[in-house]
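Here is structure18.cif, consisting of mmCIF, C-alpha atoms:
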data_start
#
loop_
_atom_site.group_PDB
_atom_site.id
_atom_site.type_symbol
_atom_site.label_atom_id
_atom_site.label_comp_id
_atom_site.auth_asym_id
_atom_site.auth_seq_id
_atom_site.Cartn_x
_atom_site.Cartn_y
_atom_site.Cartn_z
ATOM 1 C CA MET A 519 -16.969 34.195 -20.751
ATOM 2 C CA ALA A 520 -13.900 33.299 -22.822
ATOM 3 C CA LYS A 521 -11.469 30.826 -21.355
ATOM 4 C CA VAL A 522 -8.243 32.367 -20.051
ATOM 5 C CA THR A 523 -5.209 30.952 -21.842
ATOM 6 C CA ARG A 524 -1.491 30.911 -21.265
ATOM 7 C CA ASP A 525 -1.161 33.504 -24.030
ATOM 8 C CA ASP A 526 -3.361 35.867 -22.001
ATOM 9 C CA VAL A 527 -1.126 35.440 -18.943
ATOM 10 C CA ALA A 528 2.026 36.020 -20.999
ATOM 11 C CA ARG A 529 0.541 39.163 -22.587
ATOM 12 C CA LEU A 530 -0.445 40.678 -19.234
ATOM 13 C CA ALA A 531 2.879 39.773 -17.585
ATOM 14 C CA GLY A 532 4.920 40.987 -20.571
ATOM 15 C CA THR A 533 6.677 37.652 -21.013
ATOM 16 C CA SER A 534 6.684 34.724 -23.389
ATOM 17 C CA THR A 535 4.400 31.716 -22.985
ATOM 18 C CA ALA A 536 7.523 29.628 -22.347
ATOM 19 C CA VAL A 537 8.328 31.712 -19.266
ATOM 20 C CA VAL A 538 4.752 31.275 -18.027
ATOM 21 C CA SER A 539 5.198 27.523 -18.461
ATOM 22 C CA TYR A 540 8.469 27.586 -16.482
ATOM 23 C CA VAL A 541 6.725 29.389 -13.615
ATOM 24 C CA ILE A 542 3.741 27.025 -13.563
ATOM 25 C CA ASN A 543 5.862 23.883 -13.735
ATOM 26 C CA ASN A 544 8.803 25.139 -11.643
ATOM 27 C CA GLY A 545 11.167 24.568 -14.517
ATOM 28 C CA PRO A 546 12.919 23.236 -16.415
ATOM 29 C CA ARG A 547 14.581 26.670 -16.713
ATOM 30 C CA PRO A 548 14.936 29.206 -13.889
ATOM 31 C CA VAL A 549 12.927 32.426 -13.895
ATOM 32 C CA ALA A 550 14.076 35.703 -12.330
ATOM 33 C CA PRO A 551 12.193 36.492 -9.093
ATOM 34 C CA ALA A 552 10.723 39.747 -10.422
ATOM 35 C CA THR A 553 9.506 38.044 -13.591
ATOM 36 C CA ARG A 554 8.047 35.175 -11.588
ATOM 37 C CA GLU A 555 6.110 37.650 -9.425
ATOM 38 C CA ARG A 556 4.662 39.340 -12.528
ATOM 39 C CA VAL A 557 3.559 35.997 -13.926
ATOM 40 C CA LEU A 558 1.981 34.898 -10.632
ATOM 41 C CA ALA A 559 0.202 38.263 -10.336
ATOM 42 C CA ALA A 560 -1.157 37.893 -13.881
ATOM 43 C CA ILE A 561 -2.340 34.343 -13.136
ATOM 44 C CA LYS A 562 -4.158 35.577 -10.038
ATOM 45 C CA GLU A 563 -5.709 38.600 -11.773
ATOM 46 C CA LEU A 564 -6.956 36.597 -14.744
ATOM 47 C CA GLY A 565 -7.980 33.550 -12.727
ATOM 48 C CA TYR A 566 -5.964 31.289 -14.982
ATOM 49 C CA ARG A 567 -6.100 27.528 -14.314
ATOM 50 C CA PRO A 568 -3.656 25.209 -16.119
ATOM 51 C CA ASP A 569 -5.266 22.526 -18.266
ATOM 52 C CA ARG A 570 -3.812 19.441 -16.616
ATOM 53 C CA VAL A 571 -5.377 17.112 -19.155
ATOM 54 C CA ALA A 572 -3.709 18.946 -22.030
ATOM 55 C CA GLN A 573 -0.422 18.947 -20.143
ATOM 56 C CA ALA A 574 -0.677 15.221 -19.562
ATOM 57 C CA MET A 575 -1.411 14.577 -23.229
ATOM 58 C CA ALA A 576 1.582 16.662 -24.265
ATOM 59 C CA SER A 577 4.010 15.135 -21.791
ATOM 60 C CA ARG A 578 2.415 11.667 -21.779
ATOM 61 C CA ARG A 579 2.486 11.897 -17.970
ATOM 62 C CA THR A 580 0.181 13.237 -15.280
ATOM 63 C CA GLU A 581 0.952 14.433 -11.777
ATOM 64 C CA LEU A 582 -0.800 11.350 -10.448
ATOM 65 C CA ILE A 583 0.525 8.315 -8.584
ATOM 66 C CA GLY A 584 -1.526 5.128 -8.713
ATOM 67 C CA LEU A 585 -1.688 2.927 -5.613
ATOM 68 C CA ILE A 586 -3.397 -0.467 -5.686
ATOM 69 C CA VAL A 587 -3.819 -2.272 -2.372
ATOM 70 C CA PRO A 588 -5.834 -5.351 -1.362
ATOM 71 C CA ASP A 589 -7.882 -3.520 1.302
ATOM 72 C CA ALA A 590 -7.228 0.026 2.558
ATOM 73 C CA ARG A 591 -9.383 -0.670 5.627
ATOM 74 C CA GLN A 592 -6.649 -2.881 7.040
ATOM 75 C CA PRO A 593 -4.317 -0.917 9.339
ATOM 76 C CA PHE A 594 -1.119 -1.791 7.485
ATOM 77 C CA PHE A 595 -2.412 -0.752 4.078
ATOM 78 C CA GLY A 596 -4.156 2.312 5.506
ATOM 79 C CA GLU A 597 -0.933 3.575 7.096
ATOM 80 C CA MET A 598 1.015 2.808 3.945
ATOM 81 C CA ALA A 599 -1.474 4.706 1.764
ATOM 82 C CA HIS A 600 -1.219 7.699 4.091
ATOM 83 C CA ALA A 601 2.598 7.640 3.924
ATOM 84 C CA VAL A 602 2.526 7.414 0.105
ATOM 85 C CA GLU A 603 0.104 10.342 -0.066
ATOM 86 C CA GLN A 604 2.322 12.478 2.170
ATOM 87 C CA ALA A 605 5.423 11.729 0.091
ATOM 88 C CA ALA A 606 3.540 12.452 -3.133
ATOM 89 C CA ALA A 607 2.142 15.744 -1.815
ATOM 90 C CA GLU A 608 5.648 16.927 -0.949
ATOM 91 C CA ARG A 609 6.479 16.479 -4.633
ATOM 92 C CA GLY A 610 3.358 18.142 -5.988
ATOM 93 C CA LYS A 611 1.590 14.917 -6.939
ATOM 94 C CA MET A 612 -1.741 13.352 -6.056
ATOM 95 C CA VAL A 613 -2.529 9.711 -5.285
ATOM 96 C CA LEU A 614 -5.290 7.574 -6.770
ATOM 97 C CA VAL A 615 -6.122 4.571 -4.582
ATOM 98 C CA GLY A 616 -7.806 1.396 -5.775
ATOM 99 C CA ASN A 617 -8.830 -1.556 -3.591
ATOM 100 C CA SER A 618 -8.529 -4.921 -5.298
ATOM 101 C CA ASP A 619 -10.317 -6.738 -2.442
ATOM 102 C CA TYR A 620 -7.977 -9.682 -3.126
ATOM 103 C CA ILE A 621 -9.731 -10.221 -6.486
ATOM 104 C CA ALA A 622 -7.363 -10.732 -9.428
ATOM 105 C CA GLU A 623 -9.802 -9.331 -12.009
ATOM 106 C CA ARG A 624 -10.280 -6.131 -10.001
ATOM 107 C CA GLU A 625 -6.523 -5.744 -9.663
ATOM 108 C CA VAL A 626 -6.174 -5.927 -13.447
ATOM 109 C CA HIS A 627 -9.059 -3.446 -13.805
ATOM 110 C CA TYR A 628 -7.262 -0.837 -11.686
ATOM 111 C CA LEU A 629 -3.954 -1.539 -13.397
ATOM 112 C CA ARG A 630 -5.501 -0.924 -16.795
ATOM 113 C CA ALA A 631 -7.375 2.179 -15.596
ATOM 114 C CA PHE A 632 -4.461 3.847 -13.802
ATOM 115 C CA LEU A 633 -1.903 3.076 -16.493
ATOM 116 C CA GLY A 634 -4.389 4.334 -19.091
ATOM 117 C CA MET A 635 -4.519 7.637 -17.202
ATOM 118 C CA ARG A 636 -0.757 7.941 -17.763
ATOM 119 C CA VAL A 637 0.069 8.070 -14.071
ATOM 120 C CA SER A 638 3.610 9.200 -13.314
ATOM 121 C CA GLY A 639 4.141 6.028 -11.327
ATOM 122 C CA LEU A 640 2.272 3.045 -9.964
ATOM 123 C CA ILE A 641 2.670 1.242 -6.634
ATOM 124 C CA LEU A 642 1.146 -2.219 -6.638
ATOM 125 C CA VAL A 643 0.556 -4.395 -3.599
ATOM 126 C CA SER A 644 -0.502 -7.578 -5.334
ATOM 127 C CA HIS A 645 -2.151 -10.468 -3.548
ATOM 128 C CA ALA A 646 -1.069 -12.887 -6.265
ATOM 129 C CA LEU A 647 0.188 -11.221 -9.423
ATOM 130 C CA ASN A 648 -1.138 -13.202 -12.385
ATOM 131 C CA ASP A 649 -0.186 -13.271 -16.065
ATOM 132 C CA ASN A 650 -2.901 -10.768 -17.030
ATOM 133 C CA ALA A 651 -1.599 -8.203 -14.546
ATOM 134 C CA ALA A 652 1.978 -8.813 -15.667
ATOM 135 C CA ALA A 653 0.925 -8.294 -19.288
ATOM 136 C CA GLU A 654 -0.728 -4.957 -18.435
ATOM 137 C CA ILE A 655 2.430 -3.717 -16.730
ATOM 138 C CA ASP A 656 4.591 -4.853 -19.631
ATOM 139 C CA ALA A 657 2.330 -3.177 -22.215
ATOM 140 C CA TRP A 658 2.641 0.348 -20.774
ATOM 141 C CA ASP A 659 5.660 2.603 -20.506
ATOM 142 C CA ALA A 660 5.253 3.293 -16.798
ATOM 143 C CA ARG A 661 7.277 3.284 -13.619
ATOM 144 C CA VAL A 662 5.960 0.469 -11.438
ATOM 145 C CA VAL A 663 7.007 -0.465 -7.908
ATOM 146 C CA LEU A 664 5.872 -3.833 -6.602
ATOM 147 C CA LEU A 665 5.346 -4.488 -2.903
ATOM 148 C CA HIS A 666 5.147 -7.837 -1.082
ATOM 149 C CA GLU A 667 5.825 -9.931 -4.160
ATOM 150 C CA ARG A 668 8.207 -9.823 -7.110
ATOM 151 C CA PRO A 669 7.439 -12.382 -9.819
ATOM 152 C CA GLU A 670 10.363 -13.475 -11.961
ATOM 153 C CA ALA A 671 8.442 -12.443 -15.078
ATOM 154 C CA ILE A 672 8.493 -8.743 -14.127
ATOM 155 C CA ASP A 673 11.682 -6.713 -13.998
ATOM 156 C CA ASP A 674 10.380 -3.610 -12.220
ATOM 157 C CA VAL A 675 11.530 -2.214 -8.873
ATOM 158 C CA ALA A 676 10.240 -4.202 -5.913
ATOM 159 C CA VAL A 677 10.167 -3.683 -2.157
ATOM 160 C CA VAL A 678 9.620 -6.980 -0.386
ATOM 161 C CA THR A 679 9.581 -7.987 3.262
ATOM 162 C CA ASP A 680 11.027 -11.078 4.886
ATOM 163 C CA ASP A 681 7.697 -12.422 6.138
ATOM 164 C CA VAL A 682 9.174 -15.716 7.293
ATOM 165 C CA GLY A 683 12.063 -14.085 9.135
ATOM 166 C CA GLY A 684 9.862 -11.412 10.696
ATOM 167 C CA ALA A 685 7.383 -13.940 12.071
ATOM 168 C CA GLN A 686 10.245 -16.069 13.342
ATOM 169 C CA LEU A 687 11.706 -13.095 15.224
ATOM 170 C CA ALA A 688 8.333 -12.157 16.725
ATOM 171 C CA THR A 689 7.669 -15.708 17.923
ATOM 172 C CA ARG A 690 11.201 -16.057 19.260
ATOM 173 C CA HIS A 691 10.720 -12.796 21.179
ATOM 174 C CA LEU A 692 7.635 -14.201 22.914
ATOM 175 C CA LEU A 693 9.383 -17.460 23.753
ATOM 176 C CA GLU A 694 12.336 -15.556 25.225
ATOM 177 C CA HIS A 695 9.902 -13.987 27.686
ATOM 178 C CA GLY A 696 9.527 -17.438 29.196
ATOM 179 C CA TYR A 697 6.221 -18.570 27.718
ATOM 180 C CA GLU A 698 5.867 -22.334 27.518
ATOM 181 C CA TYR A 699 4.716 -22.137 23.933
ATOM 182 C CA VAL A 700 3.156 -19.720 21.428
ATOM 183 C CA ALA A 701 -0.085 -20.523 19.638
ATOM 184 C CA CYS A 702 -0.596 -19.199 16.104
ATOM 185 C CA LEU A 703 -3.628 -17.777 14.323
ATOM 186 C CA GLY A 704 -3.005 -18.653 10.709
ATOM 187 C CA GLY A 705 -5.172 -18.269 7.663
ATOM 188 C CA ILE A 706 -8.127 -20.191 6.343
ATOM 189 C CA ALA A 707 -8.368 -23.391 4.308
ATOM 190 C CA GLU A 708 -8.301 -21.388 1.050
ATOM 191 C CA THR A 709 -5.076 -19.539 1.924
ATOM 192 C CA PRO A 710 -2.356 -20.410 -0.605
ATOM 193 C CA THR A 711 0.418 -22.472 0.927
ATOM 194 C CA VAL A 712 3.163 -20.861 -1.175
ATOM 195 C CA GLY A 713 3.913 -17.181 -1.807
ATOM 196 C CA ASP A 714 1.250 -15.800 0.526
ATOM 197 C CA PRO A 715 2.323 -13.511 3.426
ATOM 198 C CA VAL A 716 0.066 -15.348 5.893
ATOM 199 C CA SER A 717 1.525 -18.717 4.952
ATOM 200 C CA ASP A 718 5.007 -17.226 5.305
ATOM 201 C CA HIS A 719 4.097 -15.897 8.752
ATOM 202 C CA VAL A 720 2.933 -19.349 9.797
ATOM 203 C CA GLU A 721 6.155 -20.840 8.493
ATOM 204 C CA GLY A 722 8.190 -18.330 10.513
ATOM 205 C CA TRP A 723 6.212 -19.202 13.644
ATOM 206 C CA ARG A 724 6.768 -22.900 12.993
ATOM 207 C CA ARG A 725 10.528 -22.444 12.571
ATOM 208 C CA ALA A 726 10.843 -20.501 15.830
ATOM 209 C CA MET A 727 8.918 -23.175 17.703
ATOM 210 C CA GLN A 728 11.008 -25.962 16.184
ATOM 211 C CA GLU A 729 14.339 -24.273 16.924
ATOM 212 C CA ALA A 730 13.198 -24.006 20.550
ATOM 213 C CA GLY A 731 12.312 -27.704 20.557
ATOM 214 C CA ILE A 732 8.613 -27.000 21.128
ATOM 215 C CA PRO A 733 5.970 -29.026 19.242
ATOM 216 C CA THR A 734 3.487 -27.165 17.019
ATOM 217 C CA GLU A 735 0.814 -29.873 16.792
ATOM 218 C CA GLY A 736 -2.574 -28.618 17.920
ATOM 219 C CA ARG A 737 -1.286 -25.070 18.352
ATOM 220 C CA LEU A 738 -2.072 -23.660 14.898
ATOM 221 C CA PHE A 739 -5.627 -22.349 14.549
ATOM 222 C CA GLU A 740 -7.533 -21.264 11.460
ATOM 223 C CA ALA A 741 -8.935 -17.751 11.645
ATOM 224 C CA PRO A 742 -10.613 -15.508 9.044
ATOM 225 C CA TYR A 743 -8.880 -12.229 8.274
ATOM 226 C CA ASN A 744 -11.621 -9.861 9.406
ATOM 227 C CA ARG A 745 -11.711 -8.516 12.966
ATOM 228 C CA TYR A 746 -15.132 -9.806 13.982
ATOM 229 C CA ASP A 747 -14.566 -13.427 13.016
ATOM 230 C CA ALA A 748 -11.077 -13.323 14.551
ATOM 231 C CA TYR A 749 -12.708 -11.951 17.705
ATOM 232 C CA LYS A 750 -15.024 -14.983 17.820
ATOM 233 C CA VAL A 751 -12.058 -17.325 17.418
ATOM 234 C CA GLY A 752 -10.311 -15.396 20.177
ATOM 235 C CA LEU A 753 -13.267 -15.843 22.531
ATOM 236 C CA GLN A 754 -13.190 -19.610 22.046
ATOM 237 C CA LEU A 755 -9.413 -19.802 22.334
ATOM 238 C CA LEU A 756 -9.006 -17.541 25.351
ATOM 239 C CA GLY A 757 -12.177 -18.636 27.114
ATOM 240 C CA GLY A 758 -11.470 -22.361 26.939
ATOM 241 C CA PRO A 759 -9.733 -24.585 29.483
ATOM 242 C CA ASP A 760 -6.525 -24.815 27.424
ATOM 243 C CA ARG A 761 -5.890 -21.115 27.012
ATOM 244 C CA PRO A 762 -2.478 -20.577 25.369
ATOM 245 C CA PRO A 763 0.060 -18.468 27.273
ATOM 246 C CA ALA A 764 0.907 -16.413 24.174
ATOM 247 C CA ILE A 765 -0.549 -15.971 20.680
ATOM 248 C CA PHE A 766 1.078 -14.946 17.411
ATOM 249 C CA CYS A 767 -1.418 -13.528 14.876
ATOM 250 C CA SER A 768 -0.651 -13.611 11.172
ATOM 251 C CA THR A 769 -2.452 -10.338 10.355
ATOM 252 C CA ASP A 770 -3.176 -7.035 12.069
ATOM 253 C CA ASP A 771 -6.942 -7.474 11.897
ATOM 254 C CA GLN A 772 -6.702 -10.887 13.544
ATOM 255 C CA ALA A 773 -4.666 -9.347 16.362
ATOM 256 C CA ILE A 774 -7.212 -6.553 16.850
ATOM 257 C CA GLY A 775 -10.022 -9.123 17.055
ATOM 258 C CA VAL A 776 -8.124 -11.212 19.612
ATOM 259 C CA LEU A 777 -7.337 -8.116 21.698
ATOM 260 C CA ARG A 778 -11.043 -7.296 21.807
ATOM 261 C CA ALA A 779 -11.825 -10.833 22.955
ATOM 262 C CA ALA A 780 -9.156 -10.608 25.658
ATOM 263 C CA ARG A 781 -10.576 -7.331 26.937
ATOM 264 C CA GLU A 782 -14.073 -8.787 27.045
ATOM 265 C CA LEU A 783 -12.784 -11.775 29.021
ATOM 266 C CA ARG A 784 -10.885 -9.446 31.386
ATOM 267 C CA ILE A 785 -7.517 -10.833 30.330
ATOM 268 C CA ASP A 786 -4.648 -8.361 30.541
ATOM 269 C CA VAL A 787 -2.424 -8.172 27.485
ATOM 270 C CA PRO A 788 0.902 -6.646 28.553
#
Please render this file's structure as structure tokens.
Amino acid sequence: MAKVTRDDVARLAGTSTAVVSYVINNGPRPVAPATRERVLAAIKELGYRPDRVAQAMASRRTELIGLIVPDARQPFFGEMAHAVEQAAAERGKMVLVGNSDYIAEREVHYLRAFLGMRVSGLILVSHALNDNAAAEIDAWDARVVLLHERPEAIDDVAVVTDDVGGAQLATRHLLEHGYEYVACLGGIAETPTVGDPVSDHVEGWRRAMQEAGIPTEGRLFEAPYNRYDAYKVGLQLLGGPDRPPAIFCSTDDQAIGVLRAARELRIDVP
């Protein structure tokens, strides 16, 4: 069976191929309602399907948005990916998601793959943007939005959070409830001390404790980022004789693990 083309649609609808294109792409020129209905009826009758690959090659853009996150299983990144997908769908675009798993080489792999697909835009949540990733972004004519980190070498749009200030506010909030002190679940020994959100969260906790005149020695605990290992740390911390009155967790998964430990130990978390 011969492939249905845009010429076939135009012939059946009694219009030009340009008008068919305007209907399919919702522009750039307006089409009279009656003409639009004829074109849509012809598309339905013939079973025409636009060749998106050909369109992308012609326009050098696809209707795709690339999203690279460290780990979509984490609640924060999962919710963010869902919000991006909803916003893209409202604009007739689809989202491609890649998980870097906090591995720089995999991040560069997805950057190269998505940019090579001529995505309309790319959202990058980089764990630690390196020179190779920066070079990939610079080499392609693409719209890139950076989240969490904005290196000086890259001049694209960035949305960053005040991780230090946010952690300081959260810790201060707990202290204002009258707790004697707030313990902190930080990162692991390999966590970078500069430019990492977890390290910034720990710094915010430390500042809030210091401004309240409360010592931090012996109140910062290492904890892996996954829920199960954080749960085991929580069991030791909450089940011991020196149980802290309040805990600030540096990541969502750590908090979920500690909440599970508290429930198992029959400790109410208000």
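Counting all atoms listed in the file, the residue from A:Ala730, A:Val776, A:Val677, A:Ile561 that sits nearest to Ala531 of chain A is A:Ile561.
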For this session: Name the residues within 12 Å of (-12.0, -5.9, 22.1), counting all atoms listed in the file in the file's coordinates, and put them as a list in words.
Result: Arg745, Tyr746, Ala748, Tyr749, Lys750, Gly752, Leu753, Asp771, Gln772, Ala773, Ile774, Gly775, Val776, Leu777, Arg778, Ala779, Ala780, Arg781, Glu782, Leu783, Arg784, Ile785, Asp786 and Val787 of chain A
Preceding selection exported with C-alpha atoms as a short mmCIF file (atom, residue, chain, number, x, y, z; two decimals), in the coordinates of the input:
data_model
loop_
_atom_site.label_atom_id
_atom_site.label_comp_id
_atom_site.auth_asym_id
_atom_site.auth_seq_id
_atom_site.Cartn_x
_atom_site.Cartn_y
_atom_site.Cartn_z
CA ARG A 745 -11.71 -8.52 12.97
CA TYR A 746 -15.13 -9.81 13.98
CA ALA A 748 -11.08 -13.32 14.55
CA TYR A 749 -12.71 -11.95 17.70
CA LYS A 750 -15.02 -14.98 17.82
CA GLY A 752 -10.31 -15.40 20.18
CA LEU A 753 -13.27 -15.84 22.53
CA ASP A 771 -6.94 -7.47 11.90
CA GLN A 772 -6.70 -10.89 13.54
CA ALA A 773 -4.67 -9.35 16.36
CA ILE A 774 -7.21 -6.55 16.85
CA GLY A 775 -10.02 -9.12 17.06
CA VAL A 776 -8.12 -11.21 19.61
CA LEU A 777 -7.34 -8.12 21.70
CA ARG A 778 -11.04 -7.30 21.81
CA ALA A 779 -11.82 -10.83 22.96
CA ALA A 780 -9.16 -10.61 25.66
CA ARG A 781 -10.58 -7.33 26.94
CA GLU A 782 -14.07 -8.79 27.04
CA LEU A 783 -12.78 -11.78 29.02
CA ARG A 784 -10.88 -9.45 31.39
CA ILE A 785 -7.52 -10.83 30.33
CA ASP A 786 -4.65 -8.36 30.54
CA VAL A 787 -2.42 -8.17 27.48
#
For this session: Starting from the displayed file, determine the output of the PyMOL selection byres ((chain A and resi 564) around 12) and express the residue list as a PyMOL selection string.
Result: chain A and resi 519-531+557-563+565-568
Atoms kept (C-alpha atoms) for selection, written as a short mmCIF file (atom, residue, chain, number, x, y, z; two decimals), keeping the file's coordinate frame:
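The resulting part-v1.cif:
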data_model
loop_
_atom_site.label_atom_id
_atom_site.label_comp_id
_atom_site.auth_asym_id
_atom_site.auth_seq_id
_atom_site.Cartn_x
_atom_site.Cartn_y
_atom_site.Cartn_z
CA MET A 519 -16.97 34.20 -20.75
CA ALA A 520 -13.90 33.30 -22.82
CA LYS A 521 -11.47 30.83 -21.36
CA VAL A 522 -8.24 32.37 -20.05
CA THR A 523 -5.21 30.95 -21.84
CA ARG A 524 -1.49 30.91 -21.26
CA ASP A 525 -1.16 33.50 -24.03
CA ASP A 526 -3.36 35.87 -22.00
CA VAL A 527 -1.13 35.44 -18.94
CA ALA A 528 2.03 36.02 -21.00
CA ARG A 529 0.54 39.16 -22.59
CA LEU A 530 -0.44 40.68 -19.23
CA ALA A 531 2.88 39.77 -17.58
CA VAL A 557 3.56 36.00 -13.93
CA LEU A 558 1.98 34.90 -10.63
CA ALA A 559 0.20 38.26 -10.34
CA ALA A 560 -1.16 37.89 -13.88
CA ILE A 561 -2.34 34.34 -13.14
CA LYS A 562 -4.16 35.58 -10.04
CA GLU A 563 -5.71 38.60 -11.77
CA GLY A 565 -7.98 33.55 -12.73
CA TYR A 566 -5.96 31.29 -14.98
CA ARG A 567 -6.10 27.53 -14.31
CA PRO A 568 -3.66 25.21 -16.12
#
Exercise. Which of these residues is nearest to Asn544 of chain A, using only C-alpha atoms: A:Gly610, A:Gly584, A:Gly634, A:Gly616?
Worked result: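 Result for the nearest residue to Asn544 of chain A: A:Gly610.
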For this session: One decimal, Å: what's the distance from atom CA of Leu703 of chain A over to atom CA of Phe766 of chain A, could you say?
Result: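 Atom CA of Phe766 of chain A lies 6.3 Å from atom CA of Leu703 of chain A.
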Problem set entry | Atomic distance atom CA of Glu735 of chain A - atom CA of His666 of chain A, expressed in Å with one decimal | 28.7 Å
For this session: Pull out every residue that the PyMOL selection byres ((chain A and resi 602) around 12) matches in the shown coordinates and put them as a ChimeraX atom specification.
Result: /A:582-587,595-601,603-609,611-615,639-642
For this session: Give me the result of the PyMOL selection byres ((chain A and resi 660) around 8) on this file, residue by residue, as a ChimeraX atom specification.
Result: /A:633,636-640,655,658-659,661-662
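Counting all atoms listed in the file, the residue from A:His695, A:Pro763, A:Thr689, A:Glu581 that sits nearest to Gln728 of chain A is A:Thr689.
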Problem set entry | Separation of atom CA of Val678 of chain A from atom CA of Val712 of chain A, in Å and rounded to one decimal | 15.3 Å
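The smallest atom-to-atom distance between Gln686 of chain A and any of A:Met727, A:Ile732, A:Val716, A:Ile542, using all atoms listed in the file, is found for A:Met727.
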Exercise. Which residue gives the smallest distance to Ile765 of chain A among A:Glu654, A:Glu623, A:Glu698, A:Asp589, with only C-alpha atoms counted?
Worked result: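 Result for the nearest residue to Ile765 of chain A: A:Glu698.
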Problem set entry | Residue nearest Ala676 of chain A - candidates A:Ala653, A:Val663, A:Glu721, A:His691, atoms counted: only C-alpha atoms | A:Val663
